[in-house]
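First comes the structure, then the notes that go with it.
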Amino acid sequence: MTTSTSAGELLRLVRTGQATTRKALLTRSGLSRSTLTARLDLLQSAGLLAEGGQEDSTGGRPARQLRFDDRHAVVLAASVDTMHAEVALTDLSGRRLGGREGPVRVADGPEPVLGRIAEWFEELLADVDLPVCGVGISVPGPVEPGQARVTQPPIMPGWDRYPIDEYLGERFGAPVLVDNDANLMALGEHRARHPESPALVVVKVSTGIGAGLVIGGDVYRGVDGGAGDIGHIRLPAFPEARCMCGSQGCLAAVASGGALAARLTEQGLPTTSGSGVRDRILAGEPAAVRLAEFAGRQVGEVLATLVSVVNPGVLVIAGDLAEPHFVAGVREVLYRRALPRATQSLQVEIGGTGLAVDGAVAMVVESVFSPVEVDRRLAAQV
């Protein structure tokens with residue numbers, strides 16, 4: 001870095017653990033000691049930076065540690081799925097201070113769903129006397145980069161262009177950020193478990209199918225947010241399968257939780273969603289197990305191409321169908337179809353729960369406390 005290193009950039013170095021002492025910051029930034037002290041004082045007076053504790057010393061006076069003050073504000077985060085929602089209240093390090101979850105129907109439209117989420121948020125804030133720095137929302141539909149609105153979502157009737165940011169921003173007086181669930185699951189997985197991975201992919205298989213890509217530490221969204229929309233890649237072997245997007249032969253029309261639920265229902269096993277399919281798999285229902293393995297193989301066909309193009313180090317299967325039978329089907333085809341060079345260093349894992357909420361928190365914190373935003377707020381206080 002150069003002598004132009006701003007206070008916001010110094011905070012980023014501390015927050016990300018790249019430099020946590022004055023000496024380390026002097027080395028990384030190239031600032032003079034007096035300029036560094038002035039900028040750190042500015043961050044401390046704004047309540048963004050704290051100093052305390054000492055690092056291990058190899059001789060001489062031990063250096064005092066600098067740390068991002070992660071408890072001076074809170075984040076509200078929510079993950080909206082087709083039939084369920086989860087919300088959390090966290091500190092700025094993502095530590096959960098409370099949470100709620102329950103059934104919602106995304107098909108009921110934005111105001112009933114967002115109204116329920118806002119009620120849960122208000123319950124969580126009732127005993128907290130800290131400002132909300134931001135609200136992060138994960139949704140099961142495409143979101144144009146930089147916009148807090150869903151665009152032409154195939155499984156979210158009534159949500160197209162709805163101003164989610166205005167609805168929640170007015171109630172909580174904080175910026176509202178929205179992104180696709182697969183993107184935020186990938187971000188949450190990367191930040192929590194694989195921060196050193198240069199390329200990571202999360203595939204969510206629930207009512208629909210989508211992928212989130214983190215490349216070089218950042219979510220890759222494409223030109224207009226369409227990156228990772230693998231659920232609408234065509235499968236030539238299934239030309240008659242009609243998808244909710246209006247096309248035929250889409251992967252989601254063949255292998256998603258919604259597609260499997262419909263097939264189980266046709267077989268006399270009434271099932272309404274991907275979570276219902278999972279319940280039948282866990283109960284050992286033979287028809288559900290066979291369908292999970294079949295669906296995994298179809299997803300594996302598409303992932304063989306994705307892995308060959310992206311060459312990720314980590315591939316995480318998440319969502320309702322993230323269970324051993326489905327993943328076995330994925331592995332069977334993926335390793336057979338993709339070249340060894342693309343898979344020799346690949347870790348294939350089953351994702352945990354809460355990834356989208358974790359990603360929503362990371363999205364908010366990394367936006368609100370970006371160098372540009374921190375410098376802007378500090379300038380306004382002068």
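In the structure tokens, chains take letters A, B, ... by order of appearance, with residues numbered from 1 within each chain and ligands from 1 in the order shown.
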Write out as a ChimeraX atom specification which residues come within 10 Å of Gln344 of chain A when counting only C-alpha atoms, dropping same-chain ones fewer than 3 positions away. /A:311,313,335,339-341,347
When you look at Ser197 of chain A with a cut-off of 9 Å (counting only C-alpha atoms), what residues show up, excluding the ones that are within fewer than 4 positions of it in the same chain? I need them as a count of residues only. 8
Contacts of Leu89 of chain A within 9 Å, only C-alpha atoms, excl. fewer than 6 positions in-chain, as a list in words: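 Here the answer would be Val74, Val75, Leu76, Ala77, Arg95, Arg96, Leu97, Gly98, Gly99, Phe121, Leu124 and Leu125 of chain A.
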Using only C-alpha atoms, determine which residues lie at most 7 Å from Val106 of chain A, disregarding the query and same-chain residues fewer than 2 positions distant; provide the list as an MDAnalysis selection string. chainID A and resid 81:83 104 108:109 113 156
Store the residues picked out above, limited to N, CA and C atoms, as a PDB file, in the first residue's frame.
ATOM      1  N   ASP A  81     -36.953 -18.929   2.063  1.00  0.00           N
ATOM      2  CA  ASP A  81     -37.047 -20.036   1.119  1.00  0.00           C
ATOM      3  C   ASP A  81     -38.494 -20.149   0.662  1.00  0.00           C
ATOM      4  N   THR A  82     -38.787 -21.126  -0.154  1.00  0.00           N
ATOM      5  CA  THR A  82     -40.132 -21.199  -0.724  1.00  0.00           C
ATOM      6  C   THR A  82     -41.209 -21.479   0.321  1.00  0.00           C
ATOM      7  N   MET A  83     -40.868 -22.264   1.361  1.00  0.00           N
ATOM      8  CA  MET A  83     -41.863 -22.655   2.366  1.00  0.00           C
ATOM      9  C   MET A  83     -41.407 -22.365   3.790  1.00  0.00           C
ATOM     10  N   VAL A 104     -43.267 -20.049   6.089  1.00  0.00           N
ATOM     11  CA  VAL A 104     -43.815 -18.956   5.285  1.00  0.00           C
ATOM     12  C   VAL A 104     -44.000 -19.513   3.879  1.00  0.00           C
ATOM     13  N   ASP A 108     -47.029 -16.397  -1.380  1.00  0.00           N
ATOM     14  CA  ASP A 108     -48.047 -15.471  -0.873  1.00  0.00           C
ATOM     15  C   ASP A 108     -47.737 -14.019  -1.217  1.00  0.00           C
ATOM     16  N   GLY A 109     -46.521 -13.772  -1.683  1.00  0.00           N
ATOM     17  CA  GLY A 109     -46.152 -12.418  -2.080  1.00  0.00           C
ATOM     18  C   GLY A 109     -45.256 -11.742  -1.071  1.00  0.00           C
ATOM     19  N   VAL A 113     -44.796 -12.054   3.542  1.00  0.00           N
ATOM     20  CA  VAL A 113     -43.536 -12.682   3.951  1.00  0.00           C
ATOM     21  C   VAL A 113     -42.646 -11.683   4.669  1.00  0.00           C
ATOM     22  N   MET A 156     -41.262 -17.032  -7.444  1.00  0.00           N
ATOM     23  CA  MET A 156     -41.637 -16.021  -6.463  1.00  0.00           C
ATOM     24  C   MET A 156     -42.692 -15.091  -7.065  1.00  0.00           C
TER      25      MET A 156
END
In Å, rounded to a single decimal, give me how far atom CA of Leu187 of chain A is from atom CA of Phe326 of chain A.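 We find that atom CA of Phe326 of chain A and atom CA of Leu187 of chain A lie 22.9 Å from each other.
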Name the residues in contact with Leu114 of chain A at a cut-off of 9 Å, using only C-alpha atoms, excluding same-chain residues fewer than 6 positions from it; report them as a PyMOL selection string. chain A and resi 164+167-168
Picked from segment 171-298 of chain A by DSSP as alpha helix (DSSP H), as a PyMOL selection string: chain A and resi 171-172+181-193+251-255+257-266+274-282+286-298
Quick one: residues within 12 Å of Asp179 of chain A, only C-alpha atoms counted, chain neighbours fewer than 2 positions away excluded, as a ChimeraX atom specification? /A:77-80,135-151,164-165,176-177,181-187,212,219-221,225-226,356-357,359-364
Atom-to-atom span, atom CA of Ala379 of chain A and atom CA of Ser367 of chain A, Å: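 So the answer is 17.3 Å.
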Please identify every residue of segment 136-253 of chain A that has at least one atom no farther than 10 Å from an atom of segment 275-295 of chain A, counting only C-alpha atoms, and for each give the shortest atom pair and the distance in Å to one decimal, arranged by chain then increasing number, as a tab-separated table.
residue	atom	partner	partner_atom	distance
A:Val205	CA	A:Ala295	CA	9.8
A:Ser206	CA	A:Ser275	CA	7.3
A:Thr207	CA	A:Ser275	CA	8.2
A:Leu251	CA	A:Ala295	CA	9.1
A:Ala252	CA	A:Ala295	CA	9.6
Residue contacts of Val302 of chain A (9 Å, only C-alpha atoms) excluding same-chain residues fewer than 6 positions away, as a list in words: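 Near neighbours after the sequence-gap exclusion: Ile230, Ile233, Leu235, Leu251 and Leu334 of chain A.
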Filtered DSSP result for segment 196-331 of chain A, state strand (DSSP E), as a ChimeraX atom specification: /A:199-205,209-215,218-219,314-318
